[in-house]
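Just query_15.txt here, compact mmCIF, C-alpha atoms:
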# COMPACT_ATOMS: atom_id res chain seq x y z
CA MET A 17 123.14 97.81 102.25
CA PRO A 18 119.40 98.58 101.84
CA LYS A 19 117.66 96.58 99.15
CA PRO A 20 117.01 98.33 95.83
CA LEU A 21 113.55 99.79 95.32
CA VAL A 22 111.48 99.50 92.14
CA ALA A 23 108.55 101.90 91.59
CA ILE A 24 105.60 101.05 89.36
CA VAL A 25 103.99 104.17 87.89
CA GLY A 26 101.43 104.94 85.20
CA ARG A 27 97.95 106.25 84.57
CA PRO A 28 94.82 104.54 85.98
CA ASN A 29 93.44 101.28 84.59
CA VAL A 30 96.58 100.08 82.86
CA GLY A 31 96.92 97.18 85.31
CA LYS A 32 99.63 98.45 87.68
CA SER A 33 98.23 96.76 90.76
CA MET A 34 97.65 93.48 88.96
CA LEU A 35 101.20 93.58 87.62
CA PHE A 36 102.44 94.42 91.11
CA ASN A 37 100.67 91.35 92.49
CA ARG A 38 102.04 89.18 89.68
CA LEU A 39 105.64 90.34 90.27
CA VAL A 40 105.58 89.77 94.03
CA GLY A 41 103.78 86.45 93.62
CA LYS A 42 100.95 87.31 96.00
CA ARG A 43 97.50 88.81 95.79
CA LEU A 44 97.96 91.89 97.97
CA SER A 45 95.00 94.22 98.19
CA ILE A 46 95.88 97.88 97.93
CA VAL A 47 94.03 98.69 101.14
CA GLU A 48 93.88 96.41 104.14
CA ASN A 49 92.59 96.72 107.69
CA THR A 50 95.07 96.28 110.52
CA PRO A 51 94.29 96.43 114.24
CA GLY A 52 93.68 100.03 115.21
CA VAL A 53 95.07 101.49 111.99
CA THR A 54 93.94 101.50 108.36
CA ARG A 55 96.88 101.62 106.01
CA ASP A 56 97.53 101.50 102.29
CA ARG A 57 99.33 98.33 101.22
CA LEU A 58 101.69 99.65 98.54
CA TYR A 59 104.97 97.96 99.40
CA ALA A 60 106.22 94.38 99.06
CA ALA A 61 109.41 92.34 98.87
CA CYS A 62 110.42 90.52 95.70
CA ASP A 63 113.17 88.09 94.73
CA TRP A 64 114.41 87.25 91.24
CA ASN A 65 117.50 85.32 90.14
CA GLY A 66 118.99 85.53 93.60
CA ARG A 67 118.52 89.31 93.96
CA SER A 68 116.22 90.68 96.65
CA PHE A 69 114.52 94.03 96.19
CA ASP A 70 111.33 95.90 97.09
CA ILE A 71 108.50 97.05 94.85
CA VAL A 72 106.17 99.97 95.49
CA ASP A 73 102.84 100.33 93.69
CA THR A 74 101.60 103.89 93.24
CA GLY A 75 98.20 105.36 92.52
CA GLY A 76 97.12 106.27 89.01
CA ILE A 77 98.43 109.50 87.52
CA GLU A 78 95.61 111.61 86.07
CA PRO A 79 97.15 114.63 84.37
CA ARG A 80 93.86 115.60 82.73
CA ALA A 81 92.21 116.53 86.04
CA ASP A 82 91.80 120.17 87.15
CA ASN A 83 94.95 122.18 87.76
CA GLU A 84 95.20 121.59 91.50
CA ILE A 85 94.82 117.85 91.12
CA LEU A 86 97.26 117.91 88.21
CA LEU A 87 99.88 119.52 90.44
CA PHE A 88 99.28 116.88 93.08
CA MET A 89 99.51 114.03 90.59
CA ARG A 90 102.86 115.35 89.41
CA GLU A 91 103.93 115.40 93.06
CA GLN A 92 102.75 111.84 93.53
CA ALA A 93 104.67 110.56 90.53
CA GLN A 94 107.77 112.55 91.45
CA LEU A 95 107.71 111.08 94.97
CA ALA A 96 107.80 107.54 93.66
CA ILE A 97 110.48 108.42 91.12
CA ASP A 98 112.69 110.14 93.71
CA ALA A 99 112.46 107.18 96.06
CA ALA A 100 113.22 104.47 93.51
CA ASP A 101 116.37 102.95 92.06
CA VAL A 102 114.48 101.66 89.00
CA VAL A 103 111.15 102.94 87.64
CA VAL A 104 108.72 100.83 85.60
CA LEU A 105 106.24 102.83 83.52
CA VAL A 106 103.18 100.69 82.83
CA THR A 107 101.13 101.41 79.71
CA GLU A 108 98.57 99.27 77.90
CA ILE A 109 98.19 98.08 74.34
CA GLY A 110 94.47 98.73 74.00
CA THR A 111 94.62 102.52 74.14
CA GLY A 112 98.01 102.96 72.51
CA VAL A 113 100.19 105.90 73.52
CA THR A 114 98.11 108.53 75.32
CA ALA A 115 98.89 112.13 76.27
CA ALA A 116 99.13 111.00 79.90
CA ASP A 117 101.74 108.38 78.96
CA GLU A 118 103.73 111.05 77.13
CA GLU A 119 103.60 113.41 80.10
CA VAL A 120 104.80 110.79 82.58
CA ALA A 121 107.48 109.58 80.18
CA ALA A 122 108.80 113.15 79.88
CA MET A 123 108.97 113.36 83.67
CA LEU A 124 110.90 110.08 83.82
CA LEU A 125 113.36 111.16 81.15
CA ARG A 126 114.34 114.09 83.38
CA ALA A 127 114.80 111.87 86.44
CA ASN A 128 118.21 110.49 85.42
CA LYS A 129 117.28 107.01 86.66
CA PRO A 130 116.89 103.65 84.92
CA VAL A 131 113.40 103.48 83.40
CA LEU A 132 111.73 100.41 81.90
CA LEU A 133 108.64 100.56 79.71
CA ALA A 134 106.09 97.77 80.22
CA VAL A 135 103.20 97.47 77.75
CA ASN A 136 100.49 95.55 79.60
CA LYS A 137 97.44 93.56 78.44
CA MET A 138 99.44 91.78 75.72
CA ASP A 139 97.46 88.64 76.56
CA ALA A 140 97.79 86.75 73.28
CA THR A 141 100.70 84.39 72.71
CA GLY A 142 102.77 84.22 69.54
CA GLU A 143 103.88 87.24 67.55
CA PRO A 144 103.46 90.53 69.46
CA ASP A 145 100.75 92.97 68.42
CA PRO A 146 102.39 95.37 65.90
CA ASP A 147 100.82 98.28 67.78
CA VAL A 148 103.48 97.77 70.46
CA TYR A 149 106.03 99.52 68.24
CA ALA A 150 104.18 102.83 68.66
CA PHE A 151 105.45 102.91 72.25
CA TYR A 152 109.00 103.60 70.98
CA ASN A 153 107.70 107.16 70.55
CA LEU A 154 107.90 107.61 74.33
CA GLY A 155 111.69 107.61 74.11
CA LEU A 156 112.17 105.06 76.87
CA GLY A 157 113.82 102.32 74.85
CA ASP A 158 112.46 98.90 73.96
CA PRO A 159 108.89 98.28 75.15
CA ILE A 160 108.56 95.04 77.15
CA PRO A 161 105.27 93.26 76.33
CA VAL A 162 103.63 91.80 79.46
CA SER A 163 100.36 90.28 80.55
CA ALA A 164 99.63 90.85 84.21
CA VAL A 165 96.63 88.52 83.92
CA HIS A 166 98.49 85.53 82.46
CA GLY A 167 102.06 86.33 83.48
CA HIS A 168 103.44 86.49 79.94
CA GLY A 169 106.59 88.60 79.72
CA THR A 170 106.92 89.24 83.46
CA GLY A 171 110.09 87.17 83.58
CA ASP A 172 111.62 89.35 80.86
CA LEU A 173 110.56 92.45 82.80
CA LEU A 174 112.16 91.17 86.01
CA ASP A 175 115.34 90.25 84.11
CA ALA A 176 115.51 93.85 82.88
CA VAL A 177 114.82 95.22 86.37
CA VAL A 178 117.60 93.17 87.98
CA ALA A 179 120.01 94.11 85.17
CA CYS A 180 119.66 97.75 86.28
CA PHE A 181 120.93 97.00 89.80
CA PRO A 182 124.65 97.33 90.59
CA PRO A 183 126.46 93.99 90.97
CA PRO A 184 126.37 92.78 94.62
CA GLU A 185 130.14 93.10 94.99
CA GLU A 186 129.92 96.78 94.01
CA GLU A 187 127.22 97.66 96.51
CA GLY A 188 129.76 97.85 99.32
CA GLU A 189 129.23 97.71 103.05
CA GLU A 190 127.57 100.42 105.05
CA LYS A 191 129.17 101.60 108.24
CA ASP A 192 127.40 100.14 111.24
CA ARG A 193 124.98 102.98 111.92
CA ILE A 194 121.63 103.13 113.66
CA ARG A 195 119.15 104.13 110.96
CA VAL A 196 116.66 106.68 112.30
CA ALA A 197 113.53 107.66 110.35
CA LEU A 198 111.79 110.94 111.15
CA ILE A 199 108.14 110.35 110.35
CA GLY A 200 105.10 112.52 110.74
CA LYS A 201 102.61 114.60 108.84
CA PRO A 202 103.70 117.73 106.96
CA ASN A 203 104.93 120.73 108.91
CA VAL A 204 105.57 119.08 112.27
CA GLY A 205 109.22 120.13 112.07
CA LYS A 206 111.10 117.13 110.72
CA SER A 207 113.49 119.15 108.57
CA SER A 208 113.90 121.77 111.28
CA LEU A 209 114.92 119.09 113.72
CA ILE A 210 117.48 117.66 111.29
CA ASN A 211 118.87 121.14 110.66
CA HIS A 212 119.13 121.85 114.37
CA ILE A 213 120.93 118.58 115.05
CA LEU A 214 123.43 119.27 112.30
CA GLY A 215 123.92 122.93 113.12
CA GLU A 216 124.48 122.29 116.81
CA LYS A 217 126.62 119.17 116.74
CA ARG A 218 128.73 120.00 113.67
CA VAL A 219 129.44 116.30 113.24
CA ILE A 220 128.19 115.61 109.72
CA VAL A 221 130.13 112.92 107.92
CA SER A 222 128.38 113.65 104.64
CA ASP A 223 125.09 114.51 102.99
CA VAL A 224 124.31 111.48 100.84
CA ALA A 225 122.07 112.57 97.98
CA GLY A 226 120.09 110.20 95.80
CA THR A 227 120.22 107.21 98.12
CA THR A 228 117.99 104.22 97.63
CA ARG A 229 114.78 105.28 99.29
CA ASP A 230 114.61 109.02 99.57
CA ALA A 231 116.19 112.20 98.29
CA VAL A 232 118.58 112.90 101.18
CA ASP A 233 120.01 110.82 104.02
CA THR A 234 122.25 112.45 106.60
CA GLU A 235 125.07 110.65 108.38
CA VAL A 236 125.93 111.86 111.88
CA ASP A 237 128.78 110.86 114.20
CA ASN A 238 128.94 112.22 117.73
CA GLU A 239 129.66 111.16 121.29
CA TYR A 240 126.50 109.03 121.29
CA GLY A 241 127.52 106.92 118.28
CA SER A 242 126.97 106.71 114.53
CA PHE A 243 123.57 107.43 113.03
CA LEU A 244 121.89 107.71 109.64
CA PHE A 245 118.93 110.10 109.71
CA ILE A 246 116.25 109.55 107.08
CA ASP A 247 114.26 112.76 106.58
CA THR A 248 110.76 112.26 105.22
CA ALA A 249 109.80 115.92 104.89
CA GLY A 250 108.70 117.64 101.71
CA ILE A 251 104.95 117.24 101.17
CA ARG A 252 102.84 120.26 102.01
CA ARG A 253 99.09 120.32 102.38
CA LYS A 254 96.96 121.92 99.70
CA SER A 255 93.27 122.74 100.01
CA LYS A 256 90.86 120.21 98.46
CA VAL A 257 93.54 117.54 98.10
CA ASP A 258 94.29 116.95 101.78
CA SER A 259 93.30 113.28 101.72
CA ARG A 260 95.48 112.60 98.67
CA ILE A 261 98.43 114.52 100.10
CA GLU A 262 98.00 112.53 103.30
CA LYS A 263 98.06 109.28 101.34
CA PHE A 264 101.44 110.02 99.86
CA SER A 265 102.92 111.37 103.07
CA VAL A 266 102.06 107.94 104.41
CA LEU A 267 103.77 106.33 101.41
CA ARG A 268 106.90 108.38 102.07
CA ALA A 269 106.78 107.33 105.72
CA GLN A 270 106.39 103.66 104.73
CA LEU A 271 109.50 103.80 102.58
CA ALA A 272 111.52 105.35 105.40
CA ILE A 273 110.16 102.95 108.02
CA GLU A 274 111.19 99.91 106.00
CA ARG A 275 114.81 101.07 106.12
CA ALA A 276 114.86 102.24 109.72
CA ASP A 277 116.01 100.67 112.98
CA VAL A 278 114.31 103.37 115.05
CA CYS A 279 111.41 105.70 114.19
CA LEU A 280 110.99 109.18 115.65
CA VAL A 281 107.25 109.87 115.44
CA LEU A 282 106.98 113.67 115.38
CA LEU A 283 103.84 115.42 116.61
CA ASP A 284 102.90 119.10 116.74
CA ALA A 285 102.46 120.03 120.42
CA ARG A 286 99.74 122.54 119.53
CA GLU A 287 97.56 119.97 117.75
CA GLY A 288 98.05 116.81 119.78
CA VAL A 289 97.47 113.48 118.02
CA THR A 290 95.47 113.76 114.79
CA GLU A 291 94.07 110.90 112.73
CA GLN A 292 96.97 111.26 110.31
CA ASP A 293 99.48 111.14 113.18
CA ALA A 294 97.91 107.91 114.44
CA ARG A 295 98.04 106.37 110.98
CA ILE A 296 101.73 107.14 110.51
CA ALA A 297 102.59 105.96 114.03
CA GLY A 298 100.64 102.79 113.29
CA LEU A 299 102.91 102.08 110.33
CA ALA A 300 105.96 102.03 112.60
CA HIS A 301 104.14 99.81 115.10
CA GLU A 302 102.95 97.34 112.47
CA ALA A 303 106.45 97.20 110.99
CA GLY A 304 107.81 96.24 114.41
CA LYS A 305 110.15 99.22 114.69
CA ALA A 306 111.52 100.67 117.92
CA SER A 307 109.99 104.13 118.32
CA VAL A 308 110.14 107.38 120.25
CA VAL A 309 107.23 109.85 120.21
CA VAL A 310 108.75 113.33 119.82
CA VAL A 311 106.40 116.24 120.58
CA ASN A 312 107.83 119.26 118.76
CA LYS A 313 107.03 122.99 119.06
CA TRP A 314 106.72 122.71 122.84
CA ASP A 315 107.97 126.32 123.06
CA LEU A 316 104.74 127.49 121.40
CA VAL A 317 102.40 125.91 123.98
CA GLU A 318 101.01 128.02 126.81
CA LYS A 319 101.88 126.15 129.97
CA GLU A 320 100.62 125.90 133.51
CA THR A 321 101.27 123.40 136.26
CA GLY A 322 100.83 119.86 134.94
CA THR A 323 100.53 120.81 131.24
CA MET A 324 103.20 118.34 130.13
CA GLU A 325 101.79 115.45 132.15
CA LYS A 326 98.28 116.18 130.89
CA GLN A 327 99.42 116.12 127.27
CA ARG A 328 101.48 112.99 127.89
CA LYS A 329 98.33 111.18 129.08
CA GLN A 330 96.35 112.41 126.07
CA ILE A 331 99.03 111.16 123.69
CA MET A 332 99.19 107.77 125.41
CA GLY A 333 95.41 107.51 125.15
CA ASN A 334 95.32 108.38 121.45
CA LEU A 335 98.33 106.17 120.64
CA SER A 336 97.30 103.34 122.97
CA PHE A 337 98.70 100.73 120.55
CA MET A 338 102.12 102.35 121.07
CA SER A 339 102.02 102.78 124.86
CA TYR A 340 105.51 101.26 125.09
CA ALA A 341 107.12 104.26 123.32
CA PRO A 342 108.80 106.96 125.43
CA ILE A 343 107.50 110.49 124.88
CA LEU A 344 109.90 113.44 124.58
CA PHE A 345 108.80 117.10 124.49
CA ILE A 346 111.19 119.29 122.47
CA SER A 347 111.58 122.47 120.48
CA ALA A 348 113.57 122.08 117.27
CA LEU A 349 113.62 125.89 117.05
CA THR A 350 115.24 126.56 120.44
CA GLY A 351 116.96 123.21 120.91
CA GLN A 352 115.06 122.45 124.11
CA ARG A 353 115.68 118.79 125.10
CA THR A 354 116.85 117.83 121.57
CA GLY A 355 120.06 116.41 123.08
CA ARG A 356 118.04 113.62 124.65
CA ILE A 357 117.04 112.28 121.23
CA PHE A 358 120.34 110.43 120.74
CA GLU A 359 120.15 108.89 124.22
CA LEU A 360 116.61 107.64 123.59
CA VAL A 361 117.47 106.34 120.11
CA ASN A 362 120.33 104.28 121.57
CA PHE A 363 118.12 103.11 124.42
CA VAL A 364 115.13 101.90 122.38
CA TYR A 365 117.42 100.35 119.75
CA GLY A 366 119.12 98.33 122.48
CA GLN A 367 115.74 97.31 123.89
CA SER A 368 114.53 96.09 120.49
CA ALA A 369 117.67 93.94 120.13
CA MET A 370 117.44 92.40 123.62
CA ARG A 371 117.66 88.61 123.91
CA ILE A 372 116.15 86.79 126.89
CA THR A 373 117.04 83.22 127.77
CA THR A 374 114.31 80.58 127.70
CA GLY A 375 114.95 79.83 131.37
CA MET A 376 114.36 83.42 132.43
CA LEU A 377 111.26 83.70 130.26
CA ASN A 378 109.70 80.58 131.73
CA SER A 379 110.43 81.75 135.25
CA VAL A 380 108.45 84.92 134.50
CA LEU A 381 105.75 82.82 132.80
CA ALA A 382 105.36 80.57 135.87
CA ASP A 383 105.12 83.57 138.18
CA ALA A 384 102.56 85.25 135.90
CA GLN A 385 100.36 82.14 135.84
CA ALA A 386 100.56 81.87 139.63
CA ARG A 387 99.33 85.46 139.93
CA VAL A 388 96.53 85.16 137.35
CA GLN A 389 95.28 81.76 136.27
CA PRO A 390 95.02 81.12 132.51
CA PRO A 391 91.46 81.42 131.18
CA SER A 392 89.06 78.53 130.73
CA ASP A 393 85.99 77.90 128.58
CA LYS A 394 83.25 75.30 129.17
CA GLY A 395 85.35 73.49 131.73
CA ARG A 396 88.47 73.36 129.55
CA ARG A 397 91.41 75.40 130.87
CA LEU A 398 94.30 76.86 128.92
CA LYS A 399 97.58 75.15 129.70
CA ILE A 400 100.78 76.98 128.77
CA TYR A 401 103.75 74.63 128.45
CA TYR A 402 106.64 76.97 127.79
CA MET A 403 107.83 80.10 126.02
CA THR A 404 110.94 80.94 124.00
CA GLN A 405 112.33 83.93 122.10
CA THR A 406 112.79 83.41 118.37
CA GLY A 407 113.93 86.80 117.11
CA ILE A 408 114.83 90.43 117.74
CA LYS A 409 114.04 93.84 116.23
CA PRO A 410 111.37 93.50 117.46
CA PRO A 411 111.56 90.79 120.14
CA ASN A 412 109.59 87.76 118.91
CA PHE A 413 108.29 85.13 121.30
CA VAL A 414 106.58 81.78 120.72
CA ILE A 415 104.27 80.37 123.38
CA PHE A 416 103.29 76.70 123.31
CA CYS A 417 99.91 75.73 124.75
CA ASN A 418 97.25 73.02 124.62
CA ASP A 419 94.62 75.03 122.66
CA ARG A 420 95.16 78.42 121.07
CA GLU A 421 91.39 79.03 121.00
CA LEU A 422 91.50 79.32 124.79
CA PHE A 423 94.36 81.85 124.63
CA HIS A 424 92.31 85.01 124.95
CA PHE A 425 93.84 88.24 123.68
CA SER A 426 93.53 89.84 127.12
CA TYR A 427 95.68 87.09 128.67
CA GLN A 428 98.25 87.53 125.92
CA ARG A 429 98.35 91.25 126.73
CA TYR A 430 98.70 90.39 130.42
CA LEU A 431 101.74 88.20 129.69
CA GLU A 432 103.25 90.92 127.52
CA ASN A 433 102.88 93.39 130.39
CA GLN A 434 104.53 90.93 132.77
CA ILE A 435 107.47 90.48 130.42
CA ARG A 436 107.83 94.26 130.07
CA SER A 437 107.66 94.77 133.84
CA VAL A 438 110.60 92.39 134.36
CA PHE A 439 112.80 92.97 131.31
CA GLY A 440 111.82 96.49 130.24
CA LEU A 441 111.60 96.28 126.44
CA GLU A 442 110.67 99.95 126.47
CA GLY A 443 110.28 101.61 123.11
CA THR A 444 109.79 98.43 121.11
CA PRO A 445 106.73 96.42 120.10
CA ILE A 446 106.61 92.73 121.04
CA ARG A 447 105.45 89.98 118.71
CA MET A 448 103.87 86.85 120.18
CA VAL A 449 103.03 83.69 118.23
CA ILE A 450 100.73 81.15 119.89
CA ARG A 451 101.27 77.51 118.98
CA GLN A 452 99.36 74.50 120.17
CA LYS A 453 100.27 70.87 120.44
CA GLY A 454 100.48 69.28 116.99
CA ASP A 455 101.38 72.51 115.16
CA ASN A 456 104.03 72.26 112.48
CA ASP A 457 107.30 73.89 113.52
CA SER A 458 107.88 75.14 109.99
Please render this file's structure as structure tokens.
Amino acid sequence: MPKPLVAIVGRPNVGKSMLFNRLVGKRLSIVENTPGVTRDRLYAACDWNGRSFDIVDTGGIEPRADNEILLFMREQAQLAIDAADVVVLVTEIGTGVTAADEEVAAMLLRANKPVLLAVNKMDATGEPDPDVYAFYNLGLGDPIPVSAVHGHGTGDLLDAVVACFPPPEEEGEEKDRIRVALIGKPNVGKSSLINHILGEKRVIVSDVAGTTRDAVDTEVDNEYGSFLFIDTAGIRRKSKVDSRIEKFSVLRAQLAIERADVCLVLLDAREGVTEQDARIAGLAHEAGKASVVVVNKWDLVEKETGTMEKQRKQIMGNLSFMSYAPILFISALTGQRTGRIFELVNFVYGQSAMRITTGMLNSVLADAQARVQPPSDKGRRLKIYYMTQTGIKPPNFVIFCNDRELFHFSYQRYLENQIRSVFGLEGTPIRMVIRQKGDNDS
């Protein structure tokens, strides 16, 4: 069963991000740089009283902006609310109840989900500030005084969060399905593809509304197996707010990716790979998910000899960090090649779960070193002792050597390519950890 999700919402400058960091026990910056891809860090795991769950931190809601921005901010808040099992509205004692607080509270009251009200910046100990009682006017029940700076009250808040989850014994067991996330920017055809799959195969088990991460999941059984499709469609571009809309399409993709076993990265064949496409694909790569690049709307492209191969090379160049992913050209409208999706999903899922014995790995390692000697620096040569696999989904490998400083990235990439050439591992990223003599095994 997927872990419950808790969304933190509220207007700017009430301390949402600081509270987020306090609850997860780490200082996570909202934006971080990752190799090849810049992504927003909005999502983290949390554990309290033996219950594991995830927390998502959202941007500030500014309902007093101009109308177009106001509409977007409503969309932003609604996205987080729809995705969550529990919503925490963060306010702050210094300003009291504002019109923005009232507007968001009204939205939450219509959501039919558990909502907790946290009043932040209650930094003093002892009797609570009497101004906290004004927050009862929001209609969200008892305000929970907290101090994100000092940690006061955060235990009470987490107790209340966990109390909203169903007991573990009532959560039940999911059928063993491959979870498939359709990710991509708006209007690449994610919903159309889902509709085509369902209309053609007629094998729906059920439409599961209101599940833990998104509005609708779709269960599919057919001759290829059992699948759960996670549709991430629903955000349309609006002029002047493109960058903000993009930010929250990425958030929606992040939430789906965390749940998925396999990601279908949808592109528009007429546009190729845009910056937003690369960012969303990068999320799947960084999360270590098996992936297939699906180029939709192929029926709308004017073709000549070699058109498909030319576009395949362009995609591989623009998504070079995901060169392991197979590329499939389809039309969700006509059904062209959509049947291959299930075959590829099964294939890359199996590749991501592959286990390789230590003996076979070290045989490949010895052969690779015989072909290309390990690098050296100032007369000191890298010595690689052995290699072993430590995990799957994605395959994780640990390599033991004499000095990790000598283990140049290019040689690591060379070894990865050698492993792929022998064992395949198509459609899945590979994780490599370099350890040197004297490292702790913990």
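Omitting range 65-71 of chain A and its sequence neighbours fewer than 3 positions away, and counting only C-alpha atoms, the residues within 7 Å are Lys19, Pro20, Leu21, Val22, Ala23, Tyr59, Ala60, Ala61 and Cys62 of chain A.
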Given the choices A:Pro390, A:Gly304, A:Asn412, A:Trp314, which gets closest to Ser426 in chain A if the distance is worked out from all atoms listed in the file?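 Closest residue, counting all atoms listed in the file: A:Pro390.
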Shell around Ser33 in chain A at 7 Å using only C-alpha atoms, local window under 3 positions removed, as a PyMOL selection string: chain A and resi 36-37+73
Rows by chain and residue number, range 325-346 of chain A within 9 Å of range 357-365 of chain A, shortest pair, all atoms listed in the file, as CSV:
residue,atom,partner,partner_atom,distance
A:Ala341,CA,A:Val364,CA,8.4
A:Pro342,CA,A:Leu360,CA,8.1
A:Leu344,CA,A:Ile357,CA,8.0
Selected residue, from A:Val289, A:Ala134, A:Leu174, A:Ala150, that lies nearest to Met332 in chain A when counting only C-alpha atoms: A:Val289
Write out as number ranges by chain which residues come within 8 Å of Asp139 in chain A when counting all atoms listed in the file, dropping same-chain ones fewer than 5 positions away. A: 162-163, 165-166, 168
Please produce a file of those selected residues containing C-alpha atoms, as a PDB file, in the coordinates of the input.
ATOM      1  CA  VAL A 162     103.630  91.800  79.460  1.00  0.00           C
ATOM      2  CA  SER A 163     100.360  90.280  80.550  1.00  0.00           C
ATOM      3  CA  VAL A 165      96.630  88.520  83.920  1.00  0.00           C
ATOM      4  CA  HIS A 166      98.490  85.530  82.460  1.00  0.00           C
ATOM      5  CA  HIS A 168     103.440  86.490  79.940  1.00  0.00           C
TER       6      HIS A 168
END
Rank A:His212, A:Lys206, A:Arg195, A:Arg27 by their smallest atom-to-atom distance to Leu244 in chain A, using all atoms listed in the file, and report the top residue only.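 The closest residue to Leu244 in chain A is A:Arg195.
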Could you pull the residues within 6 Å of Phe243 in chain A, counting only C-alpha atoms, minus those fewer than 3 positions along the same chain, as an MDAnalysis selection string? chainID A and resid 193:195 235:236
Length of the CA of Gln389 in chain A to CA of Phe423 in chain A vector [Å]: 11.7 Å
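The shortest atom-to-atom distance to Gly26 in chain A, with only C-alpha atoms taken into account, belongs to A:Val135 out of A:Ala127, A:Val414, A:Val135, A:Leu283.
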Nearby residues, (106.0, 116.2, 111.9) file frame, 9 Å, all atoms listed in the file, as a list in words: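 Residues close enough to count: Leu198, Ile199, Gly200, Lys201, Pro202, Asn203, Val204, Gly205, Lys206, Ser207, Ala249, Val281, Leu282, Leu283, Asp284, Asp293, Val310, Val311 and Asn312 of chain A.
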May I have the protein, DNA and RNA residues with an atom at most 12 Å from (104.4, 94.3, 130.1), counting all atoms listed in the file in the file's coordinates, returned as a compact mmCIF listing (two decimals) with C-alpha atoms, keeping the file's coordinate frame?
# COMPACT_ATOMS: atom_id res chain seq x y z
CA SER A 339 102.02 102.78 124.86
CA TYR A 340 105.51 101.26 125.09
CA VAL A 380 108.45 84.92 134.50
CA LEU A 381 105.75 82.82 132.80
CA ALA A 384 102.56 85.25 135.90
CA TYR A 427 95.68 87.09 128.67
CA GLN A 428 98.25 87.53 125.92
CA ARG A 429 98.35 91.25 126.73
CA TYR A 430 98.70 90.39 130.42
CA LEU A 431 101.74 88.20 129.69
CA GLU A 432 103.25 90.92 127.52
CA ASN A 433 102.88 93.39 130.39
CA GLN A 434 104.53 90.93 132.77
CA ILE A 435 107.47 90.48 130.42
CA ARG A 436 107.83 94.26 130.07
CA SER A 437 107.66 94.77 133.84
CA VAL A 438 110.60 92.39 134.36
CA PHE A 439 112.80 92.97 131.31
CA GLY A 440 111.82 96.49 130.24
CA LEU A 441 111.60 96.28 126.44
CA GLU A 442 110.67 99.95 126.47
CA GLY A 443 110.28 101.61 123.11
CA THR A 444 109.79 98.43 121.11
CA PRO A 445 106.73 96.42 120.10
CA ILE A 446 106.61 92.73 121.04
Excluding Asp419 in chain A and residues on its chain fewer than 4 positions from it, collect all residues at most 12 Å away from it, counting all atoms listed in the file, and give them as a PyMOL selection string. chain A and resi 390-393+396-401+415+423-424+450-455
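For the atom pair formed by CA of Val40 in chain A and CA of Gly142 in chain A, the distance is 25.3 Å, given to one decimal.
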